[in-house]
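Enquirer: If it helps, the file is called work_7.txt and holds compact mmCIF, C-alpha atoms and all ligand atoms:
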# COMPACT_ATOMS: atom_id res chain seq x y z
CA MET N 747 7.53 -14.40 34.57
CA SER N 748 5.97 -11.38 33.00
CA CYS N 749 7.57 -8.00 32.77
CA HIS N 750 5.17 -6.13 30.55
CA ARG N 751 6.12 -2.56 31.33
CA PRO N 752 3.73 -1.21 33.95
CA GLU N 753 2.18 2.20 33.36
CA SER N 754 4.27 3.94 35.96
CA THR N 755 7.67 2.64 34.82
CA ALA N 756 9.94 5.26 33.34
CA VAL N 757 10.78 4.68 29.68
CA ALA N 758 14.27 4.72 28.27
CA SER N 759 14.98 7.56 25.90
CA SER N 760 15.85 6.53 22.37
CA THR N 761 15.67 9.74 20.37
CA PRO N 762 18.04 12.70 20.60
CA ALA N 763 15.30 14.66 22.34
CA GLY N 764 14.99 12.05 25.06
CA HIS N 765 11.65 10.53 24.04
CA ASP N 766 10.85 6.92 23.33
CA HIS N 767 8.61 8.04 20.49
CA ASN N 768 8.78 10.65 17.76
CA THR N 769 6.79 13.65 18.99
CA LEU N 770 5.02 16.25 16.90
CA ALA N 771 7.39 18.97 18.10
CA LEU N 772 10.42 16.92 17.07
CA MET N 773 9.28 15.84 13.60
CA GLN N 774 9.44 19.19 11.82
CA PRO N 775 10.56 18.98 8.14
CA ARG N 776 13.11 21.38 6.67
CA ALA N 777 11.74 24.05 4.35
CA PRO N 778 12.32 23.27 0.66
CA GLU N 779 14.92 25.41 -1.15
CA PRO N 780 13.86 27.14 -4.38
CA THR N 781 14.96 25.30 -7.54
CA PRO N 782 16.82 27.31 -10.23
CA LYS N 783 14.59 27.70 -13.29
CA ALA N 784 16.99 25.83 -15.59
CA LEU N 785 16.67 22.69 -13.47
CA ARG N 786 12.89 22.62 -13.09
CA ASN N 787 10.51 20.13 -14.65
CA GLY N 788 13.21 17.71 -15.82
CA ALA N 789 14.68 20.36 -18.13
CA PRO N 790 18.23 18.84 -18.26
CA VAL N 791 16.89 15.37 -19.19
CA LYS N 792 14.65 16.83 -21.88
CA ALA N 793 17.42 19.08 -23.24
CA ASN N 794 19.94 16.22 -23.49
CA ASN N 795 17.21 13.94 -24.83
CA VAL N 796 19.33 10.79 -24.58
CA ALA N 797 17.44 7.83 -26.06
CA PRO N 798 16.91 5.04 -23.54
CA GLN N 799 18.38 1.65 -24.37
CA GLY N 800 16.68 -1.10 -22.44
CA VAL N 801 17.14 -1.31 -18.71
CA TYR N 802 18.45 1.82 -16.98
CA LEU N 803 20.20 1.49 -13.63
CA PRO N 804 20.21 4.74 -11.63
CA ASN N 805 23.60 6.35 -12.05
CA TYR N 806 24.18 9.99 -11.29
CA ASN N 807 27.45 10.04 -13.22
CA ILE N 808 25.90 9.57 -16.64
CA LEU N 809 23.20 11.49 -18.50
CA THR N 810 19.79 10.19 -17.56
CA PRO N 811 17.86 8.97 -20.60
CA HIS N 812 14.54 10.52 -21.57
CA MET N 813 12.08 7.87 -20.34
CA ARG N 814 8.32 8.20 -20.04
CA SER N 815 5.47 6.04 -18.91
CA PRO N 816 3.61 4.11 -20.12
CA ASP N 817 6.49 2.85 -22.30
CA TYR N 818 8.91 2.95 -19.39
CA VAL N 819 8.36 2.14 -15.74
CA GLN N 820 10.60 2.02 -12.70
CA MET N 821 10.60 -0.78 -10.15
CA SER N 822 12.16 -1.44 -6.78
CA THR N 823 15.61 -3.00 -6.71
CA ALA N 824 14.01 -6.09 -5.12
CA ALA N 825 11.54 -6.39 -8.00
CA ALA N 826 14.31 -5.90 -10.58
CA ILE N 827 16.39 -8.66 -8.94
CA THR N 828 13.35 -10.97 -8.81
CA LEU N 829 12.55 -10.21 -12.44
CA GLY N 830 16.16 -11.04 -13.35
CA ILE N 831 16.99 -7.73 -15.01
CA VAL N 832 19.39 -6.71 -12.24
CA GLN N 833 21.94 -8.97 -10.55
CA GLY N 834 22.03 -8.93 -6.80
CA LYS N 835 21.18 -10.61 -3.54
CA MET N 836 19.02 -9.52 -0.66
CA TYR N 837 19.61 -10.41 2.96
CA ARG N 838 17.54 -13.56 3.73
CA CYS N 839 15.11 -12.93 0.83
CA SER N 840 15.38 -14.88 -2.40
CA CYS N 841 12.76 -12.66 -4.05
CA THR N 842 9.98 -10.17 -3.47
CA ARG N 843 6.37 -11.21 -4.01
CA CYS N 844 5.22 -7.85 -5.33
CA LEU N 845 6.19 -6.29 -8.62
CA ASN N 846 5.77 -2.59 -7.94
CA LEU N 847 5.79 -0.53 -11.10
CA LEU N 848 6.36 3.17 -10.58
CA LEU N 849 5.36 5.64 -13.28
CA THR N 850 8.27 7.67 -14.58
CA TYR N 851 8.69 11.01 -16.39
CA PRO N 852 11.61 13.44 -16.70
CA GLU N 853 9.43 15.98 -14.85
CA GLY N 854 9.05 13.52 -11.98
CA CYS N 855 6.52 13.81 -9.22
CA ARG N 856 5.17 17.35 -8.93
CA ALA N 857 4.46 16.96 -5.22
CA ASN N 858 6.90 17.73 -2.46
CA CYS N 859 6.18 15.28 0.37
CA ALA N 860 8.70 15.89 3.12
CA TYR N 861 9.62 12.26 3.82
CA CYS N 862 9.85 11.15 0.19
CA GLY N 863 12.97 10.69 -1.93
CA LEU N 864 11.01 11.35 -5.11
CA ALA N 865 9.88 14.81 -4.06
CA ARG N 866 10.03 17.80 -6.40
CA HIS N 867 12.51 19.83 -4.32
CA ARG N 868 15.23 17.36 -5.36
CA GLU N 869 15.13 18.61 -8.97
CA ALA N 870 18.20 20.73 -8.40
CA GLU N 871 20.19 17.82 -7.04
CA ARG N 872 19.15 14.67 -8.91
CA ASP N 873 17.18 13.66 -12.00
CA TYR N 874 13.92 11.88 -11.22
CA ALA N 875 14.95 8.42 -12.46
CA ASP N 876 18.06 8.54 -10.27
CA ARG N 877 16.34 9.36 -7.00
CA ASN N 878 16.32 6.90 -4.11
CA PHE N 879 12.87 5.98 -2.79
CA ILE N 880 12.12 3.96 0.36
CA ARG N 881 15.87 3.50 0.81
CA VAL N 882 16.64 1.89 -2.54
CA ASP N 883 17.29 2.69 -6.19
CA TRP N 884 14.51 2.17 -8.70
CA PRO N 885 15.83 0.82 -12.01
CA ALA N 886 13.80 1.66 -15.12
CA ALA N 887 12.84 -0.73 -17.91
CA PRO N 888 10.55 -0.83 -20.94
CA LEU N 889 7.10 -1.99 -19.79
CA ASP N 890 6.94 -4.50 -22.64
CA ILE N 891 10.11 -6.24 -21.43
CA VAL N 892 8.68 -6.48 -17.91
CA ILE N 893 5.41 -7.93 -19.20
CA ASP N 894 7.21 -10.33 -21.57
CA ILE N 895 9.20 -11.82 -18.69
CA VAL N 896 6.19 -12.33 -16.41
CA ALA N 897 3.84 -13.48 -19.21
CA ARG N 898 6.16 -16.37 -20.15
CA ASP N 899 4.63 -18.30 -17.24
CA ALA N 900 2.54 -16.06 -15.03
CA ALA N 901 1.26 -18.95 -12.90
CA ALA N 902 4.82 -19.92 -11.97
CA SER N 903 5.96 -16.34 -11.42
CA PRO N 904 7.46 -15.52 -8.01
CA PHE N 905 5.22 -12.44 -8.03
CA HIS N 906 1.94 -12.85 -6.16
CA ARG N 907 0.80 -9.34 -7.02
CA MET N 908 1.60 -6.38 -9.26
CA CYS N 909 1.12 -2.80 -8.06
CA ILE N 910 1.04 0.35 -10.17
CA SER N 911 2.38 3.26 -8.15
CA MET N 912 1.07 6.57 -9.43
CA ILE N 913 2.82 9.86 -8.85
CA THR N 914 1.63 13.45 -9.04
CA HIS N 915 1.92 14.23 -12.73
CA PRO N 916 -0.64 15.46 -15.27
CA ARG N 917 -0.33 12.21 -17.26
CA SER N 918 -0.40 9.84 -14.32
CA ASP N 919 -4.14 9.00 -14.46
CA GLY N 920 -4.18 8.13 -18.15
CA ASP N 921 -0.88 6.28 -18.05
CA THR N 922 -2.00 4.15 -15.11
CA VAL N 923 -4.91 3.00 -17.27
CA SER N 924 -2.50 2.26 -20.16
CA VAL N 925 -0.12 0.24 -17.95
CA LEU N 926 -3.04 -1.72 -16.49
CA LYS N 927 -4.48 -2.43 -19.96
CA ARG N 928 -1.16 -3.56 -21.40
CA TRP N 929 -0.66 -5.84 -18.40
CA THR N 930 -4.13 -7.41 -18.37
CA ASP N 931 -3.99 -7.92 -22.19
CA ARG N 932 -1.20 -10.43 -21.57
CA ILE N 933 -1.55 -11.54 -17.93
CA ASP N 934 -4.78 -12.72 -16.36
CA PRO N 935 -5.40 -10.58 -13.26
CA SER N 936 -6.81 -13.62 -11.49
CA THR N 937 -3.35 -15.22 -11.84
CA ILE N 938 -1.47 -12.14 -10.65
CA PRO N 939 -3.88 -9.62 -9.06
CA VAL N 940 -3.19 -5.93 -9.53
CA SER N 941 -3.21 -3.20 -6.88
CA ILE N 942 -3.28 0.53 -7.52
CA LEU N 943 -1.29 2.83 -5.26
CA SER N 944 -3.23 5.93 -6.20
CA ASN N 945 -2.58 9.62 -6.42
CA PRO N 946 -5.89 11.12 -5.25
CA THR N 947 -4.87 14.73 -5.97
CA THR N 948 -5.39 14.35 -9.72
CA MET N 949 -8.13 11.68 -9.63
CA THR N 950 -11.90 11.59 -9.92
CA ARG N 951 -14.41 8.93 -8.92
CA GLY N 952 -14.64 8.09 -12.62
CA ASP N 953 -10.91 7.22 -12.64
CA VAL N 954 -11.42 4.89 -9.68
CA GLN N 955 -14.34 3.25 -11.47
CA ARG N 956 -12.36 2.78 -14.66
CA LEU N 957 -9.46 1.06 -12.93
CA HIS N 958 -11.88 -1.33 -11.27
CA GLU N 959 -13.60 -2.11 -14.56
CA LEU N 960 -10.23 -2.83 -16.14
CA GLY N 961 -9.49 -5.53 -13.59
CA ALA N 962 -7.66 -3.86 -10.71
CA ASP N 963 -8.20 -5.87 -7.53
CA ILE N 964 -7.26 -3.53 -4.66
CA PHE N 965 -7.10 0.27 -4.51
CA THR N 966 -4.95 1.98 -1.91
CA VAL N 967 -4.51 5.58 -0.88
CA ALA N 968 -1.21 6.66 0.62
CA LEU N 969 -2.55 8.89 3.36
CA ASP N 970 0.89 8.46 4.95
CA ALA N 971 0.16 11.05 7.64
CA ALA N 972 -2.11 9.89 10.46
CA THR N 973 -3.67 13.29 11.21
CA PRO N 974 -4.77 16.28 9.08
CA GLU N 975 -2.19 18.48 10.83
CA ILE N 976 0.72 16.15 10.00
CA PHE N 977 -0.65 15.68 6.49
CA ASP N 978 -0.64 19.43 5.86
CA ARG N 979 2.80 19.83 7.39
CA THR N 980 4.45 17.02 5.41
CA ARG N 981 2.45 16.83 2.17
CA GLY N 982 0.45 20.04 1.87
CA LYS N 983 1.02 23.74 2.33
CA GLY N 984 3.79 23.15 4.88
CA VAL N 985 6.16 22.05 2.10
CA GLN N 986 4.61 23.75 -0.96
CA SER N 987 2.97 20.49 -1.99
CA PRO N 988 -0.48 20.20 -3.61
CA HIS N 989 -2.11 17.47 -1.53
CA ALA N 990 -5.16 17.92 0.71
CA TRP N 991 -6.39 15.53 3.43
CA SER N 992 -10.02 16.01 2.36
CA LYS N 993 -9.32 15.04 -1.26
CA TYR N 994 -7.47 11.90 -0.14
CA TRP N 995 -10.48 10.90 1.94
CA ASP N 996 -12.89 11.62 -0.92
CA ILE N 997 -11.02 9.19 -3.16
CA LEU N 998 -10.68 6.67 -0.34
CA MET N 999 -14.46 6.74 0.10
CA ASP N 1000 -14.90 6.35 -3.66
CA ALA N 1001 -12.62 3.31 -3.52
CA ARG N 1002 -14.69 1.84 -0.71
CA ASP N 1003 -17.86 2.18 -2.81
CA VAL N 1004 -16.31 0.96 -6.05
CA PHE N 1005 -13.89 -1.77 -4.92
CA GLY N 1006 -15.88 -2.97 -1.92
CA PRO N 1007 -14.98 -4.49 1.47
CA GLN N 1008 -11.42 -5.71 2.01
CA LYS N 1009 -10.45 -4.34 -1.39
CA PHE N 1010 -9.28 -0.89 -0.38
CA GLY N 1011 -6.83 0.44 2.13
CA ALA N 1012 -4.58 3.26 3.23
CA HIS N 1013 -0.89 3.60 3.95
CA ILE N 1014 0.17 5.12 7.25
CA ILE N 1015 3.74 6.10 8.15
CA VAL N 1016 4.26 5.60 11.87
CA GLY N 1017 6.52 8.01 13.72
CA MET N 1018 5.96 11.35 12.00
CA GLY N 1019 4.65 13.05 15.13
CA GLU N 1020 1.30 11.36 15.70
CA THR N 1021 0.59 9.56 18.96
CA GLU N 1022 0.11 5.80 18.98
CA HIS N 1023 -3.50 6.42 19.92
CA GLN N 1024 -3.98 8.66 16.87
CA ALA N 1025 -2.40 6.11 14.52
CA LEU N 1026 -4.48 3.28 15.93
CA THR N 1027 -7.69 5.31 15.90
CA LEU N 1028 -7.10 5.73 12.16
CA VAL N 1029 -6.43 2.00 11.81
CA GLN N 1030 -9.75 1.33 13.56
CA ARG N 1031 -11.58 3.83 11.35
CA LEU N 1032 -10.30 2.03 8.25
CA VAL N 1033 -11.37 -1.36 9.59
CA ASP N 1034 -14.81 0.03 10.47
CA LEU N 1035 -15.12 1.25 6.90
CA GLY N 1036 -14.28 -2.27 5.65
CA GLY N 1037 -10.69 -1.63 4.61
CA HIS N 1038 -7.16 -2.27 5.79
CA SER N 1039 -4.15 -0.26 6.85
CA HIS N 1040 -0.64 -0.77 5.56
CA LEU N 1041 2.05 0.48 7.91
CA PHE N 1042 5.44 1.96 7.21
CA CYS N 1043 8.02 2.80 9.85
CA PHE N 1044 9.33 6.33 9.36
CA PHE N 1045 12.93 6.27 8.11
CA PRO N 1046 14.88 9.45 7.31
CA GLU N 1047 15.19 9.03 3.56
CA LYS N 1048 18.45 10.47 2.26
CA GLY N 1049 17.86 13.75 0.38
CA SER N 1050 14.33 14.19 1.76
CA LEU N 1051 13.16 17.17 3.82
CA MET N 1052 13.07 14.91 6.89
CA ASP N 1053 16.48 13.28 6.49
CA HIS N 1054 17.77 15.03 9.63
CA LEU N 1055 15.12 13.42 11.86
CA PRO N 1056 15.28 10.17 13.82
CA ALA N 1057 13.79 6.91 12.60
CA THR N 1058 10.86 5.73 14.66
CA PRO N 1059 12.07 4.19 17.93
CA ARG N 1060 11.55 0.45 17.77
CA ASP N 1061 9.34 0.23 20.86
CA GLN N 1062 6.86 2.76 19.43
CA TRP N 1063 6.89 0.95 16.10
CA ARG N 1064 6.43 -2.53 17.57
CA ARG N 1065 3.51 -1.42 19.76
CA VAL N 1066 1.71 0.09 16.78
CA GLN N 1067 2.53 -2.91 14.57
CA LEU N 1068 1.14 -5.34 17.14
CA ALA N 1069 -1.94 -3.30 17.95
CA ARG N 1070 -2.71 -2.71 14.28
CA TYR N 1071 -2.49 -6.45 13.60
CA LEU N 1072 -4.94 -7.13 16.43
CA ILE N 1073 -7.38 -4.56 15.06
CA ASP N 1074 -7.04 -5.61 11.41
CA TYR N 1075 -7.04 -9.41 11.83
CA ARG N 1076 -8.10 -10.39 15.35
CA GLY N 1077 -11.21 -8.30 15.88
CA VAL N 1078 -9.77 -6.34 18.80
CA ARG N 1079 -11.00 -2.75 18.99
CA VAL N 1080 -8.93 0.31 19.83
CA GLU N 1081 -11.46 1.08 22.59
CA GLN N 1082 -10.45 -2.17 24.34
CA MET N 1083 -6.81 -1.04 24.49
CA ARG N 1084 -5.42 1.32 27.11
CA PHE N 1085 -3.06 4.24 26.48
CA ASP N 1086 -0.89 6.38 28.74
CA GLY N 1087 -0.94 10.17 28.95
CA GLU N 1088 1.27 10.45 25.84
CA GLY N 1089 -0.97 8.18 23.82
CA ARG N 1090 1.25 5.10 24.07
CA VAL N 1091 -0.28 1.63 24.21
CA ILE N 1092 -0.02 0.18 27.71
CA ASP N 1093 -2.54 -2.63 27.34
CA PHE N 1094 -3.44 -4.39 24.10
CA GLY N 1095 -6.92 -5.34 25.30
CA ILE N 1096 -6.60 -9.13 25.20
CA PRO N 1097 -5.48 -11.72 27.76
CA ARG N 1098 -1.76 -12.14 28.11
CA SER N 1099 -1.78 -15.74 26.85
CA GLU N 1100 -3.48 -14.67 23.61
CA LEU N 1101 -1.10 -11.77 23.19
CA ASP N 1102 1.85 -14.15 23.64
CA GLN N 1103 0.51 -16.38 20.88
CA VAL N 1104 0.15 -13.48 18.46
CA ILE N 1105 3.66 -12.24 19.24
CA ASP N 1106 5.17 -15.72 18.84
CA ALA N 1107 3.39 -16.25 15.51
CA GLY N 1108 5.44 -13.28 14.21
CA VAL N 1109 3.07 -12.31 11.37
CA ALA N 1110 2.20 -9.03 13.11
CA PHE N 1111 5.78 -7.86 12.59
CA ARG N 1112 6.03 -8.71 8.90
CA THR N 1113 5.65 -6.03 6.24
CA SER N 1114 2.00 -5.05 5.89
CA GLY N 1115 0.32 -4.49 2.55
CA CYS N 1116 -1.94 -6.11 -0.03
CA PRO N 1117 -2.16 -9.90 0.40
CA GLY N 1118 -0.39 -12.45 -1.75
CA LYS N 1119 -1.05 -16.16 -2.16
CA PHE N 1120 0.16 -17.43 1.23
CA ALA N 1121 -2.46 -16.02 3.62
CA GLU N 1122 -4.79 -13.04 3.97
CA ASP N 1123 -2.60 -11.52 6.67
CA VAL N 1124 0.71 -12.04 4.84
CA SER N 1125 1.46 -9.23 2.44
CA ALA N 1126 2.69 -9.87 -1.10
CA CYS N 1127 4.22 -6.43 -0.87
CA ASP N 1128 7.15 -7.30 1.37
CA ARG N 1129 9.30 -4.26 0.47
CA PRO N 1130 12.62 -5.73 1.68
CA TYR N 1131 14.38 -3.13 3.84
CA GLY N 1132 12.19 -0.32 2.58
CA ASP N 1133 11.81 1.13 6.07
CA SER N 1134 14.97 0.03 7.86
CA PRO N 1135 18.42 -1.42 7.30
CA PRO N 1136 18.75 -5.24 7.58
CA SER N 1137 20.75 -4.71 10.78
CA ASN N 1138 17.71 -3.38 12.66
CA ILE N 1139 14.64 -4.57 10.79
CA ALA N 1140 11.39 -2.65 11.22
CA SER N 1141 9.09 -4.52 8.80
CA PHE N 1142 10.20 -8.14 8.39
CA PRO N 1143 10.10 -9.19 4.73
CA PHE N 1144 10.25 -12.80 5.90
CA GLN N 1145 8.95 -14.83 8.83
CA PRO N 1146 10.93 -13.72 11.92
CA ASN N 1147 12.72 -16.59 13.64
CA LYS N 1148 12.84 -17.38 17.36
CA THR N 1149 15.83 -15.14 17.99
CA GLU N 1150 14.13 -12.27 16.21
CA ILE N 1151 10.89 -12.81 18.13
CA GLY N 1152 12.99 -12.57 21.29
CA LYS N 1153 14.40 -9.25 20.07
CA ILE N 1154 10.90 -8.02 19.18
CA ARG N 1155 9.75 -8.94 22.71
CA ARG N 1156 12.60 -6.94 24.19
CA GLN N 1157 11.68 -4.00 21.97
CA LEU N 1158 8.07 -4.31 23.14
CA ARG N 1159 9.29 -4.87 26.67
CA ILE N 1160 7.03 -7.89 26.90
CA VAL N 1161 9.30 -10.71 27.99
CA GLU N 1162 8.24 -14.31 27.41
CA ARG N 1163 6.36 -15.93 30.24
CA ARG N 1164 8.21 -18.83 31.88
CA HIS N 1165 6.01 -21.72 32.89
S1 LIG N 1201 3.10 12.18 -4.12
FE1 LIG N 1201 4.07 10.23 -3.59
S2 LIG N 1201 5.85 10.10 -4.97
FE2 LIG N 1201 5.17 12.24 -4.98
S3 LIG N 1201 6.43 13.26 -3.41
FE3 LIG N 1201 4.49 12.61 -2.43
S4 LIG N 1201 4.95 10.57 -1.54
FE4 LIG N 1201 6.56 11.03 -3.06
As structure tokens, what does this structure read like?

Expert:
Amino acid sequence: MSCHRPESTAVASSTPAGHDHNTLALMQPRAPEPTPKALRNGAPVKANNVAPQGVYLPNYNILTPHMRSPDYVQMSTAAAITLGIVQGKMYRCSCTRCLNLLLTYPEGCRANCAYCGLARHREAERDYADRNFIRVDWPAAPLDIVIDIVARDAAASPFHRMCISMITHPRSDGDTVSVLKRWTDRIDPSTIPVSILSNPTTMTRGDVQRLHELGADIFTVALDAATPEIFDRTRGKGVQSPHAWSKYWDILMDARDVFGPQKFGAHIIVGMGETEHQALTLVQRLVDLGGHSHLFCFFPEKGSLMDHLPATPRDQWRRVQLARYLIDYRGVRVEQMRFDGEGRVIDFGIPRSELDQVIDAGVAFRTSGCPGKFAEDVSACDRPYGDSPPSNIASFPFQPNKTEIGKIRRQLRIVERRH
């Protein structure tokens, strides 16, 4: 029996405003408050000038040490657990396959993206190294310690990929080069490939070229917003932030030229006010250019300018996840799909039996990102619970089991066919 929701069926509301998707009108960020002068640019951390001593675990009750890249980097809690520098367990994940290294400075990121826990407007409330980002803390450690641990036996490392995450800071371009050099001096990038999560605002084509020459494998641009309007509202003038859609695309095009097909991509956050059709048109555009898209489900990050807004309803998210997988890995085109008057997917453009197979395989619902060593369509960057709590998983950091596929089907409102 099939009960794929027909076009005319009313949808259940799952946001406070009564929509089953996050609309543009709903997803309006708060305006940033001005920061008192004495708290700007990491002034308290620099004034206290506490010397760092090894690993630093975010703790707002003690003075934050003065740590700077390239000597210090931050990493996700999952990466720190996998590396063995932090004790802890993750729900149904023994490790993460991606070591994401985030550049760190007392001044922090100078941008103000509305959905981001690292944004500049938080200066008054929390030192940079203590800020939550994609729902978790980011411990800091000396880069040399991180490299020492992985270099002991890189081939046997649980990490399938390393990623340098740039931020908006005047030293970010140069320090990304330094981190990459220090890494590749000790670890063969063919053993653990390196991705760059770039910051286009401060970069030139020459920077992109240099990172490629130094052995970076994949270059990604965090567009995050699916349309220029949402970009400007959440990352540009709308929140006193320096980013521009056109500059992001310039660097993305440079990455396409320099890194080549399948070696560049863009991040898209789903549920910030774009329609499903707009998100998937962008996914198609990236595929047509020869790249990939990496999806994130919008989650109201605590302390961000969008922390009062609803997470993306699961049916919206699952439709975009599934459709994006079909476009990225199964050769289906957005033009083959059908959308309703609000831009929601109502037909994925392939026969039902094929769609059932893709859903049952479950890979479409795993975290998307740069590939690891298992398969081209399985991301090394699994970001455990970076866009949802474990109780209601958006991006699965592991292979979903039969029960979870059943739940995904209910979220999609595509119930399994009975033969
Ligand atoms: S540039 Fe990146 S790190 Fe900085 S506020 Fe924006 S999303 Fe966050």

Enquirer: Using all atoms listed in the file, find each residue of chain N with at least one atom at most 7 Å away from an atom of ligand LIG 1201 (chain N); report its shortest atom-to-atom pair and that distance in Å (one decimal), sort the rows by chain and rising residue number, and return the result as a Markdown table.

Expert:
| residue | atom | partner | partner_atom | distance |
| --- | --- | --- | --- | --- |
| N:Cys855 | CA | N:LIG1201 | FE2 | 4.7 |
| N:Arg856 | CA | N:LIG1201 | FE2 | 6.5 |
| N:Ala857 | CA | N:LIG1201 | S3 | 4.6 |
| N:Asn858 | CA | N:LIG1201 | S3 | 4.6 |
| N:Cys859 | CA | N:LIG1201 | FE3 | 4.2 |
| N:Cys862 | CA | N:LIG1201 | FE4 | 4.6 |
| N:Gly863 | CA | N:LIG1201 | FE4 | 6.5 |
| N:Leu864 | CA | N:LIG1201 | FE4 | 4.9 |
| N:Ala865 | CA | N:LIG1201 | S3 | 3.8 |
| N:Arg866 | CA | N:LIG1201 | S3 | 6.5 |
| N:Ile913 | CA | N:LIG1201 | S2 | 4.9 |
| N:Thr914 | CA | N:LIG1201 | S1 | 5.3 |
| N:Asn945 | CA | N:LIG1201 | S1 | 6.6 |
| N:Arg981 | CA | N:LIG1201 | FE3 | 6.6 |

Enquirer: What does the structure give for the distance between CA of Thr948 in chain N and CA of Gly1037 in chain N, in Å to one decimal?

Expert: 22.1 Å

Enquirer: List as a count of residues only the protein and nucleic acid residues near His958 in chain N, meaning an atom at most 8 Å away when all atoms listed in the file are counted, but skip any in the same chain fewer than 4 places from it.

Expert: 5

Enquirer: When distances are computed from only C-alpha atoms, which of N:Pro904, N:His812, N:Thr1021, N:Ala887 shows the smallest separation from Glu1088 in chain N?

Expert: N:Thr1021

Enquirer: Around (8.1, -17.8, -11.6) in the file's frame, which residues reach within 12 Å when counting only C-alpha atoms? Return as a count of residues only?

Expert: 20

Enquirer: Kindly indicate which residue among N:His1040, N:His915, N:Arg1156, N:Arg907 lies nearest to Ala825 in chain N, using all atoms listed in the file for the distances.

Expert: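 Of the candidates, the smallest distance to Ala825 in chain N is held by N:Arg907.
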
Enquirer: CA of Cys1127 in chain N to CA of Gly1089 in chain N: how many Å, to one decimal?

Expert: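 Computed distance, CA of Cys1127 in chain N to CA of Gly1089 in chain N, equals 29.2 Å.
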
Enquirer: Which one of N:Gly1077, N:Arg951, N:Ala824, N:Gln799 sits closest to Ser840 in chain N if you count all atoms listed in the file?

Expert: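 Answer, going by the shortest atom-to-atom distance: N:Ala824.
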
Enquirer: Can you tell me which residues surround range 1053-1064 of chain N at a distance of at most 8 Å, considering only C-alpha atoms, apart from same-chain residues fewer than 5 positions away, and format the answer as number ranges by chain?

Expert: N: 760-762, 766-768, 772-773, 861, 1016-1018, 1022, 1043-1048, 1090, 1111, 1140, 1154, 1157-1159

Enquirer: Report the distance between CA of Gln1024 in chain N and CA of Asp1003 in chain N in Å, rounded to one decimal place.

Expert: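 Distance reported for this atom pair: 24.9 Å.
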
Enquirer: What's the 10 Å shell around Leu1072 in chain N, counting only C-alpha atoms, without same-chain residues fewer than 5 positions away, as a list in words?

Expert: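 Final neighbour list, sorted by chain and number: Val1066, Gln1067, Gly1077, Val1078, Arg1079, Val1080, Phe1094, Gly1095, Ile1096, Leu1101, Val1104 and Ala1110 of chain N.
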